[in-house]
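*Asks:* Got a file for you: start-v7.cif, mmCIF, C-alpha atoms and all ligand atoms.
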```cif
data_run
#
loop_
_atom_site.label_atom_id
_atom_site.label_comp_id
_atom_site.auth_asym_id
_atom_site.auth_seq_id
_atom_site.Cartn_x
_atom_site.Cartn_y
_atom_site.Cartn_z
CA MET G 1 83.25 77.29 114.00
CA SER G 2 85.55 76.55 116.96
CA ALA G 3 89.00 75.01 116.52
CA ARG G 4 89.51 71.34 117.42
CA ILE G 5 91.27 71.44 120.79
CA THR G 6 93.46 68.45 121.60
CA GLY G 7 96.05 67.61 124.25
CA ARG G 8 98.69 69.24 122.07
CA THR G 9 96.90 72.54 121.42
CA ARG G 10 99.00 75.56 122.45
CA LEU G 11 97.65 78.64 124.21
CA ALA G 12 97.79 82.37 123.51
CA GLY G 13 95.74 85.27 124.78
CA ILE G 14 95.39 88.92 125.71
CA ILE G 15 96.05 90.26 129.20
CA GLY G 16 94.40 93.56 130.10
CA TRP G 17 91.58 95.20 132.01
CA PRO G 18 88.99 95.27 130.65
CA VAL G 19 89.33 92.87 127.70
CA GLU G 20 85.68 92.08 127.00
CA GLN G 21 85.58 94.42 124.01
CA SER G 22 88.92 93.31 122.56
CA LEU G 23 88.81 92.16 118.95
CA SER G 24 92.06 90.20 119.34
CA PRO G 25 90.46 86.84 120.33
CA ILE G 26 88.18 87.01 117.28
CA MET G 27 91.01 88.01 114.92
CA HIS G 28 93.56 85.53 116.22
CA ASN G 29 91.27 82.50 116.43
CA ALA G 30 90.04 83.15 112.88
CA ALA G 31 93.65 83.32 111.67
CA TYR G 32 94.69 80.17 113.56
CA ARG G 33 91.90 78.22 111.89
CA ALA G 34 92.82 79.63 108.47
CA VAL G 35 96.54 78.77 108.69
CA GLU G 36 95.97 75.57 110.75
CA PHE G 37 98.02 76.82 113.69
CA ASP G 38 97.13 74.44 116.55
CA CYS G 39 96.59 77.14 119.15
CA VAL G 40 93.68 78.81 120.91
CA TYR G 41 93.63 82.52 121.85
CA LEU G 42 91.88 83.47 125.10
CA PRO G 43 90.76 86.68 126.79
CA LEU G 44 92.78 86.96 130.04
CA PRO G 45 91.15 89.67 132.18
CA VAL G 46 93.52 90.65 134.99
CA ALA G 47 92.20 93.11 137.56
CA ASP G 48 95.41 94.44 139.14
CA GLU G 49 99.20 94.17 139.21
CA THR G 50 99.21 91.58 142.01
CA ASP G 51 97.09 89.30 139.85
CA LEU G 52 99.22 90.16 136.82
CA ILE G 53 102.30 88.72 138.53
CA ARG G 54 100.37 85.53 139.40
CA VAL G 55 98.98 85.14 135.89
CA VAL G 56 102.38 85.72 134.25
CA GLY G 57 103.87 83.12 136.63
CA ALA G 58 101.20 80.60 135.58
CA ILE G 59 101.80 81.34 131.89
CA ARG G 60 105.48 80.39 132.30
CA VAL G 61 104.50 76.82 133.23
CA LEU G 62 101.58 76.38 130.82
CA PRO G 63 101.90 75.61 127.09
CA PHE G 64 101.60 79.25 126.00
CA VAL G 65 103.16 80.18 122.68
CA GLY G 66 102.80 83.83 123.65
CA PHE G 67 100.38 86.53 124.67
CA ASN G 68 99.43 90.12 123.99
CA VAL G 69 99.28 92.83 126.62
CA THR G 70 96.93 95.79 126.52
CA MET G 71 96.03 98.69 128.81
CA PRO G 72 96.90 99.17 131.61
CA TYR G 73 99.84 96.72 131.73
CA LYS G 74 102.02 97.47 128.68
CA GLN G 75 104.58 99.46 130.70
CA VAL G 76 104.74 97.17 133.75
CA MET G 77 105.16 94.14 131.47
CA LEU G 78 108.64 95.45 130.58
CA ASP G 79 109.83 94.43 134.06
CA LEU G 80 108.14 91.03 134.01
CA CYS G 81 109.92 89.79 130.87
CA ASP G 82 113.25 87.92 130.91
CA GLU G 83 114.39 89.69 127.75
CA VAL G 84 113.00 92.74 126.00
CA ALA G 85 113.63 93.56 122.33
CA MET G 86 115.42 96.88 121.80
CA LEU G 87 112.41 98.38 120.04
CA ALA G 88 110.12 97.64 122.99
CA GLN G 89 112.71 99.01 125.41
CA MET G 90 112.89 102.23 123.43
CA ALA G 91 109.08 102.43 123.21
CA GLY G 92 108.89 101.88 126.97
CA ALA G 93 106.12 99.29 126.56
CA VAL G 94 105.59 95.61 125.71
CA ASN G 95 102.44 94.54 123.85
CA THR G 96 103.53 91.08 122.66
CA VAL G 97 105.34 88.35 124.57
CA HIS G 98 106.88 85.21 123.09
CA CYS G 99 107.15 82.23 125.48
CA VAL G 100 110.27 80.22 124.76
CA ASP G 101 111.11 77.33 127.12
CA GLY G 102 109.56 79.11 130.11
CA ARG G 103 111.29 82.40 129.29
CA LEU G 104 109.32 85.50 128.36
CA ILE G 105 110.62 87.66 125.52
CA GLY G 106 108.92 91.04 125.17
CA TYR G 107 108.25 92.88 121.91
CA ASN G 108 106.32 95.91 120.80
CA THR G 109 104.44 95.53 117.53
CA ASP G 110 102.29 98.69 117.78
CA GLY G 111 104.72 101.04 116.02
CA ARG G 112 105.32 98.67 113.14
CA GLY G 113 101.55 98.11 113.02
CA LEU G 114 100.97 101.83 112.51
CA VAL G 115 103.62 102.23 109.81
CA ASP G 116 102.61 98.99 108.02
CA ALA G 117 98.96 100.10 108.01
CA LEU G 118 99.81 103.55 106.62
CA ARG G 119 101.92 101.92 103.92
CA ALA G 120 99.33 99.27 103.03
CA GLU G 121 96.25 101.50 103.17
CA LEU G 122 97.61 104.80 101.84
CA GLY G 123 101.04 104.10 100.36
CA PHE G 124 102.46 106.52 102.96
CA GLU G 125 106.16 106.26 103.84
CA PRO G 126 107.43 108.18 106.91
CA GLY G 127 110.84 108.98 105.36
CA GLY G 128 111.35 112.78 105.33
CA ALA G 129 107.88 113.47 106.77
CA THR G 130 106.89 116.05 109.38
CA VAL G 131 104.66 114.42 112.01
CA ALA G 132 102.40 115.70 114.80
CA LEU G 133 102.10 112.81 117.27
CA VAL G 134 99.28 113.43 119.77
CA GLY G 135 99.88 111.52 123.02
CA SER G 136 102.96 110.33 124.85
CA GLY G 137 101.96 106.98 126.37
CA GLY G 138 102.92 103.46 125.34
CA ALA G 139 101.35 103.58 121.88
CA ALA G 140 102.86 107.01 121.16
CA GLY G 141 106.28 105.71 122.28
CA ALA G 142 106.00 102.75 119.91
CA ALA G 143 104.87 105.02 117.07
CA LEU G 144 107.73 107.44 117.73
CA VAL G 145 110.33 104.65 117.57
CA SER G 146 108.93 103.37 114.26
CA LEU G 147 108.81 106.90 112.82
CA VAL G 148 112.44 107.43 113.86
CA LEU G 149 113.43 104.07 112.31
CA GLY G 150 111.48 105.13 109.21
CA THR G 151 113.60 108.34 109.08
CA ALA G 152 110.81 110.88 109.56
CA ALA G 153 112.36 114.36 109.36
CA GLN G 154 110.59 115.79 112.40
CA VAL G 155 108.17 114.45 115.01
CA THR G 156 106.52 116.85 117.44
CA ILE G 157 104.90 115.16 120.43
CA VAL G 158 101.70 117.03 121.28
CA ASN G 159 100.50 116.12 124.76
CA ARG G 160 98.17 117.21 127.56
CA THR G 161 100.99 116.84 130.11
CA LEU G 162 104.12 118.48 128.74
CA GLU G 163 106.46 116.69 131.19
CA ASN G 164 105.34 113.30 129.87
CA ALA G 165 106.06 114.40 126.30
CA GLU G 166 109.47 115.69 127.36
CA ALA G 167 110.32 112.42 129.11
CA LEU G 168 109.45 110.43 125.96
CA ALA G 169 111.41 112.81 123.72
CA GLU G 170 114.47 112.63 125.98
CA ARG G 171 114.38 108.83 125.94
CA ILE G 172 114.30 108.57 122.14
CA ARG G 173 116.44 111.56 121.06
CA PRO G 174 119.79 109.77 121.58
CA HIS G 175 118.66 107.16 119.01
CA ALA G 176 117.30 109.66 116.48
CA ARG G 177 119.98 110.63 114.00
CA GLU G 178 117.79 111.75 111.11
CA THR G 179 114.70 112.82 113.08
CA THR G 180 114.29 116.00 115.11
CA ILE G 181 112.00 115.43 118.10
CA GLU G 182 110.14 118.40 119.60
CA VAL G 183 107.40 118.68 122.22
CA VAL G 184 104.42 121.01 122.62
CA ALA G 185 101.46 121.19 124.98
CA LEU G 186 98.07 120.24 123.51
CA ASP G 187 96.52 123.45 124.77
CA GLU G 188 99.36 125.81 123.85
CA GLY G 189 101.06 126.13 120.48
CA ALA G 190 99.80 122.84 119.04
CA GLU G 191 97.65 124.36 116.28
CA GLU G 192 100.53 125.37 114.00
CA VAL G 193 102.32 122.05 114.62
CA VAL G 194 99.23 120.11 113.56
CA ARG G 195 98.46 122.38 110.60
CA SER G 196 101.96 122.12 109.13
CA ALA G 197 102.39 118.34 109.61
CA ASP G 198 102.35 115.88 106.70
CA LEU G 199 101.02 113.23 109.10
CA VAL G 200 98.89 113.68 112.23
CA VAL G 201 98.62 110.65 114.55
CA ASN G 202 96.23 110.31 117.48
CA ALA G 203 97.75 108.09 120.17
CA THR G 204 95.29 109.06 122.92
CA PRO G 205 91.93 107.48 123.79
CA LEU G 206 90.18 110.76 122.91
CA GLY G 207 87.17 110.02 120.73
CA MET G 208 86.36 106.59 122.16
CA HIS G 209 83.67 107.71 124.55
CA PRO G 210 80.24 109.03 123.53
CA GLY G 211 80.29 112.82 123.28
CA ASP G 212 84.12 113.02 122.99
CA ASP G 213 85.52 115.81 120.85
CA PRO G 214 88.32 114.92 118.43
CA PRO G 215 91.81 115.33 119.99
CA VAL G 216 92.43 118.18 117.54
CA PRO G 217 89.68 120.29 115.92
CA ALA G 218 88.83 120.15 112.20
CA GLY G 219 90.00 123.76 111.81
CA TRP G 220 93.61 122.71 112.58
CA MET G 221 93.72 120.19 109.72
CA ARG G 222 93.92 120.68 105.97
CA SER G 223 93.70 118.85 102.66
CA SER G 224 96.82 117.03 101.40
CA GLN G 225 97.43 115.90 104.97
CA ILE G 226 97.32 112.31 106.25
CA VAL G 227 95.56 111.75 109.57
CA ALA G 228 95.80 108.42 111.43
CA ASP G 229 93.66 107.68 114.46
CA MET G 230 94.78 104.76 116.63
CA ILE G 231 91.23 104.25 117.86
CA TYR G 232 88.70 102.58 115.57
CA ARG G 233 85.41 102.99 117.42
CA PRO G 234 82.97 104.65 116.83
CA GLU G 235 83.03 104.44 113.06
CA PRO G 236 84.02 107.02 111.86
CA THR G 237 85.95 108.21 114.90
CA PRO G 238 85.56 111.92 115.77
CA LEU G 239 89.10 112.60 114.48
CA VAL G 240 88.55 110.76 111.19
CA ALA G 241 85.26 112.64 110.67
CA ALA G 242 86.90 116.01 111.49
CA ALA G 243 89.91 115.31 109.25
CA ARG G 244 87.70 114.30 106.31
CA SER G 245 85.59 117.43 106.77
CA ALA G 246 88.84 119.42 106.45
CA GLY G 247 89.67 117.58 103.21
CA ALA G 248 92.44 115.42 104.72
CA THR G 249 92.92 111.71 104.03
CA ALA G 250 92.13 109.84 107.25
CA VAL G 251 92.31 106.26 108.51
CA ASP G 252 91.22 104.79 111.80
CA GLY G 253 93.16 102.29 113.93
CA LEU G 254 91.69 99.05 112.58
CA GLY G 255 94.47 98.57 110.02
CA MET G 256 97.02 99.14 112.79
CA LEU G 257 95.26 96.64 115.06
CA VAL G 258 95.32 94.01 112.32
CA ALA G 259 98.95 94.73 111.41
CA GLN G 260 100.16 94.50 115.03
CA GLY G 261 98.19 91.24 115.45
CA ALA G 262 99.70 89.77 112.28
CA THR G 263 103.17 90.76 113.49
CA ALA G 264 102.51 88.95 116.79
CA MET G 265 101.58 85.85 114.78
CA GLU G 266 104.78 86.24 112.80
CA ILE G 267 106.74 86.15 116.08
CA TRP G 268 104.84 83.12 117.42
CA CYS G 269 104.48 80.95 114.32
CA GLY G 270 106.70 82.34 111.57
CA GLU G 271 106.66 85.00 108.87
CA SER G 272 104.46 83.09 106.41
CA CYS G 273 101.77 82.64 109.13
CA GLY G 274 101.80 86.40 109.78
CA VAL G 275 101.44 87.28 106.11
CA ALA G 276 98.69 84.72 105.50
CA SER G 277 96.80 85.86 108.61
CA ARG G 278 96.48 89.51 107.76
CA HIS G 279 93.43 89.48 105.50
CA VAL G 280 91.68 86.85 107.66
CA MET G 281 92.19 89.01 110.75
CA ARG G 282 90.89 92.09 108.95
CA ARG G 283 87.76 90.32 107.75
CA ALA G 284 87.07 88.83 111.19
CA ALA G 285 87.51 92.24 112.88
CA GLU G 286 85.25 93.99 110.37
CA GLU G 287 82.56 91.35 110.79
CA ALA G 288 82.72 91.66 114.58
CA ILE G 289 82.46 95.45 114.39
CA SER G 290 79.45 95.31 112.09
CA VAL G 291 77.69 92.80 114.38
CA ARG G 292 78.39 95.05 117.39
CA ALA G 293 77.18 98.12 115.50
CA GLY G 294 74.02 96.15 114.80
CA GLY G 295 73.41 95.99 118.53
CA GLU G 296 74.62 92.56 119.58
CA CYS G 297 77.28 94.05 121.89
CA ALA G 298 77.67 97.40 123.57
P1 LIG G 301 98.41 105.41 127.59
O1 LIG G 301 99.76 104.85 127.75
O2 LIG G 301 97.46 105.40 128.73
O3 LIG G 301 98.58 106.94 127.06
C1 LIG G 301 97.46 107.76 126.91
C2 LIG G 301 97.87 109.10 126.30
O4 LIG G 301 96.67 109.81 126.03
C3 LIG G 301 98.71 109.97 127.22
O5 LIG G 301 99.59 110.73 126.42
C4 LIG G 301 97.65 110.88 127.86
O6 LIG G 301 98.14 112.16 128.20
C5 LIG G 301 96.67 111.03 126.73
N1 LIG G 301 95.32 111.29 127.23
C6 LIG G 301 94.53 110.44 127.92
N2 LIG G 301 93.36 111.03 128.21
C7 LIG G 301 93.43 112.29 127.70
C8 LIG G 301 92.54 113.38 127.69
N3 LIG G 301 91.31 113.32 128.25
N4 LIG G 301 92.93 114.53 127.08
C9 LIG G 301 94.14 114.62 126.51
N5 LIG G 301 95.04 113.61 126.49
C10 LIG G 301 94.69 112.46 127.08
O7 LIG G 301 97.63 104.67 126.39
P2 LIG G 301 98.28 103.96 125.11
O8 LIG G 301 98.51 102.53 125.41
O9 LIG G 301 99.38 104.81 124.61
O10 LIG G 301 97.03 103.97 124.11
C11 LIG G 301 96.55 105.19 123.57
C12 LIG G 301 95.36 104.90 122.65
O11 LIG G 301 95.81 104.19 121.50
C13 LIG G 301 94.29 104.02 123.32
O12 LIG G 301 93.02 104.52 123.00
C14 LIG G 301 94.49 102.66 122.68
O13 LIG G 301 93.28 101.93 122.60
C15 LIG G 301 94.99 103.04 121.29
N6 LIG G 301 95.81 101.98 120.69
C16 LIG G 301 95.38 101.42 119.52
C17 LIG G 301 96.15 100.43 118.94
C18 LIG G 301 95.70 99.80 117.64
O14 LIG G 301 96.22 98.74 117.29
N7 LIG G 301 94.81 100.42 116.89
C19 LIG G 301 97.34 100.00 119.53
C20 LIG G 301 97.74 100.61 120.73
C21 LIG G 301 96.97 101.59 121.30
P3 LIG G 301 98.88 112.49 129.60
O15 LIG G 301 100.33 112.19 129.38
O16 LIG G 301 98.59 113.90 129.81
O17 LIG G 301 98.25 111.58 130.64
#
```
Is it possible to give me this structure as structure tokens?
*Replies:*
Amino acid sequence: MSARITGRTRLAGIIGWPVEQSLSPIMHNAAYRAVEFDCVYLPLPVADETDLIRVVGAIRVLPFVGFNVTMPYKQVMLDLCDEVAMLAQMAGAVNTVHCVDGRLIGYNTDGRGLVDALRAELGFEPGGATVALVGSGGAAGAALVSLVLGTAAQVTIVNRTLENAEALAERIRPHARETTIEVVALDEGAEEVVRSADLVVNATPLGMHPGDDPPVPAGWMRSSQIVADMIYRPEPTPLVAAARSAGATAVDGLGMLVAQGATAMEIWCGESCGVASRHVMRRAAEEAISVRAGGECA
């Protein structure tokens, strides 16, 4: 079951708070065994930013190949890296770090994860599409950059706090030649934006907690529309259930999670590792979810 750890085994992991429920250790360790990558992936729970600085300092001097970063540190990680890839700078968040000779190089694989998952699962290409992007945090920023690179025709950021949506739009607009970026408040004028979109993306945590409503109601969605939820629990998520009841084609965030994880592996151990890892990661994640649904974990 567990990998054979020797004196040469490299380290990887996920920094966040909390990380107990993260599927990344399960997905990554399964993939490392499958492709014989001599590395072990650890949960790295970090309670606050003071500890984050200490942990990142320790990682620089330990044999880490890289690490992932999740909430709430994706934005602050930008400033802790020595170099940041343009895509992560534009997204305003780092979720994957490559350790190279003690230097930390930051990437963002979330946006590519979303687009890769939509392509693989539904054959959807963003080129020319009209998109309603709900949320304006780190994951929404990454999605927006990938949609712009994928030449979506229009992306409207739908957000609870309009100023946050405006700040994201202003940051990306100078890079968007073929994509018009608009903003609208979630509680004012969003219905028509959602109804007329080819693709609706949820990049908020809405739906994760028991009793949560979907981020947009079923009545705003329609058939012939694609709906992508970044969250993947519960199964189905409230948005996926609402979209399907409206006749739309909907996917949850598991495919995105797997695709961003495989892209991290590509960065750390090469393209062929990333490609070979994808189906192993998916199977490991699905198994873990079904065990948890069976009551082993909360
Ligand atoms: P974040 O930076 O904290 O942004 C959260 C966004 O959600 C903000 O736009 C915020 O709006 C909005 N929001 C939060 N609570 C809300 C509420 N009660 N009502 C309305 N809007 C609300 O988080 P993130 O890193 O972007 O992540 C967003 C979600 O995507 C998380 O659930 C995360 O787990 C998921 N995600 C999934 C994957 C995957 O691989 N499947 C990858 C990345 C992220 P305000 O601006 O108004 O605060």
*Asks:* Which residues sit within 6 Å of ligand LIG 301 (chain G), counting only C-alpha atoms and all ligand atoms, listed as a list in words?
*Replies:*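 Residues satisfying the distance criterion: Met71, Asp110, Gly135, Ser136, Gly137, Gly138, Ala139, Ala140, Asn159, Arg160, Thr161, Asn164, Ala203, Thr204, Pro205, Leu206, Met230, Ile231, Gly253, Leu254, Met256 and Leu257 of chain G.
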*Asks:* Between CA of Leu87 in chain G and CA of Val145 in chain G, what distance in Å does the model show, to one decimal?
*Replies:*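 It comes out at 7.1 Å.
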*Asks:* Report, in Å with one decimal, the straight-line distance from CA of Ser277 in chain G to CA of Glu83 in chain G.
*Replies:*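 Between CA of Ser277 in chain G and CA of Glu83 in chain G the gap works out to 26.3 Å.
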*Asks:* For CA of Cys39 in chain G and CA of Val65 in chain G, quote the distance in Å rounded to one decimal.
*Replies:* 8.1 Å
*Asks:* Excluding range 258-263 of chain G and any residue of its chain fewer than 3 positions from it, enumerate the residues within 10 Å of it, using all atoms listed in the file, and give them as a VMD selection string.
*Replies:* chain G and resid 23 to 24 27 to 28 31 68 95 to 96 108 to 117 120 253 to 255 266 to 271 273 to 285
*Asks:* Print the selection's residues with C-alpha atoms to a file, as a short mmCIF file (atom, residue, chain, number, x, y, z; two decimals), in the coordinates of the input.
*Replies:*
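part-v8.cif written:
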```cif
data_model
loop_
_atom_site.label_atom_id
_atom_site.label_comp_id
_atom_site.auth_asym_id
_atom_site.auth_seq_id
_atom_site.Cartn_x
_atom_site.Cartn_y
_atom_site.Cartn_z
CA LEU G 23 88.81 92.16 118.95
CA SER G 24 92.06 90.20 119.34
CA MET G 27 91.01 88.01 114.92
CA HIS G 28 93.56 85.53 116.22
CA ALA G 31 93.65 83.32 111.67
CA ASN G 68 99.43 90.12 123.99
CA ASN G 95 102.44 94.54 123.85
CA THR G 96 103.53 91.08 122.66
CA ASN G 108 106.32 95.91 120.80
CA THR G 109 104.44 95.53 117.53
CA ASP G 110 102.29 98.69 117.78
CA GLY G 111 104.72 101.04 116.02
CA ARG G 112 105.32 98.67 113.14
CA GLY G 113 101.55 98.11 113.02
CA LEU G 114 100.97 101.83 112.51
CA VAL G 115 103.62 102.23 109.81
CA ASP G 116 102.61 98.99 108.02
CA ALA G 117 98.96 100.10 108.01
CA ALA G 120 99.33 99.27 103.03
CA GLY G 253 93.16 102.29 113.93
CA LEU G 254 91.69 99.05 112.58
CA GLY G 255 94.47 98.57 110.02
CA GLU G 266 104.78 86.24 112.80
CA ILE G 267 106.74 86.15 116.08
CA TRP G 268 104.84 83.12 117.42
CA CYS G 269 104.48 80.95 114.32
CA GLY G 270 106.70 82.34 111.57
CA GLU G 271 106.66 85.00 108.87
CA CYS G 273 101.77 82.64 109.13
CA GLY G 274 101.80 86.40 109.78
CA VAL G 275 101.44 87.28 106.11
CA ALA G 276 98.69 84.72 105.50
CA SER G 277 96.80 85.86 108.61
CA ARG G 278 96.48 89.51 107.76
CA HIS G 279 93.43 89.48 105.50
CA VAL G 280 91.68 86.85 107.66
CA MET G 281 92.19 89.01 110.75
CA ARG G 282 90.89 92.09 108.95
CA ARG G 283 87.76 90.32 107.75
CA ALA G 284 87.07 88.83 111.19
CA ALA G 285 87.51 92.24 112.88
#
```
*Asks:* Tell me which of G:Ala218, G:Thr130, G:Gln89, G:Ala248 sits closest to Thr179 in chain G, counting all atoms listed in the file.
*Replies:* G:Thr130
*Asks:* Counting all atoms listed in the file, which residue out of G:Val69, G:Met77, G:Ile181, G:Val19 sits closest to Pro45 in chain G?
*Replies:*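 Among G:Val69, G:Met77, G:Ile181, G:Val19, it is G:Val19 that comes nearest to Pro45 in chain G.
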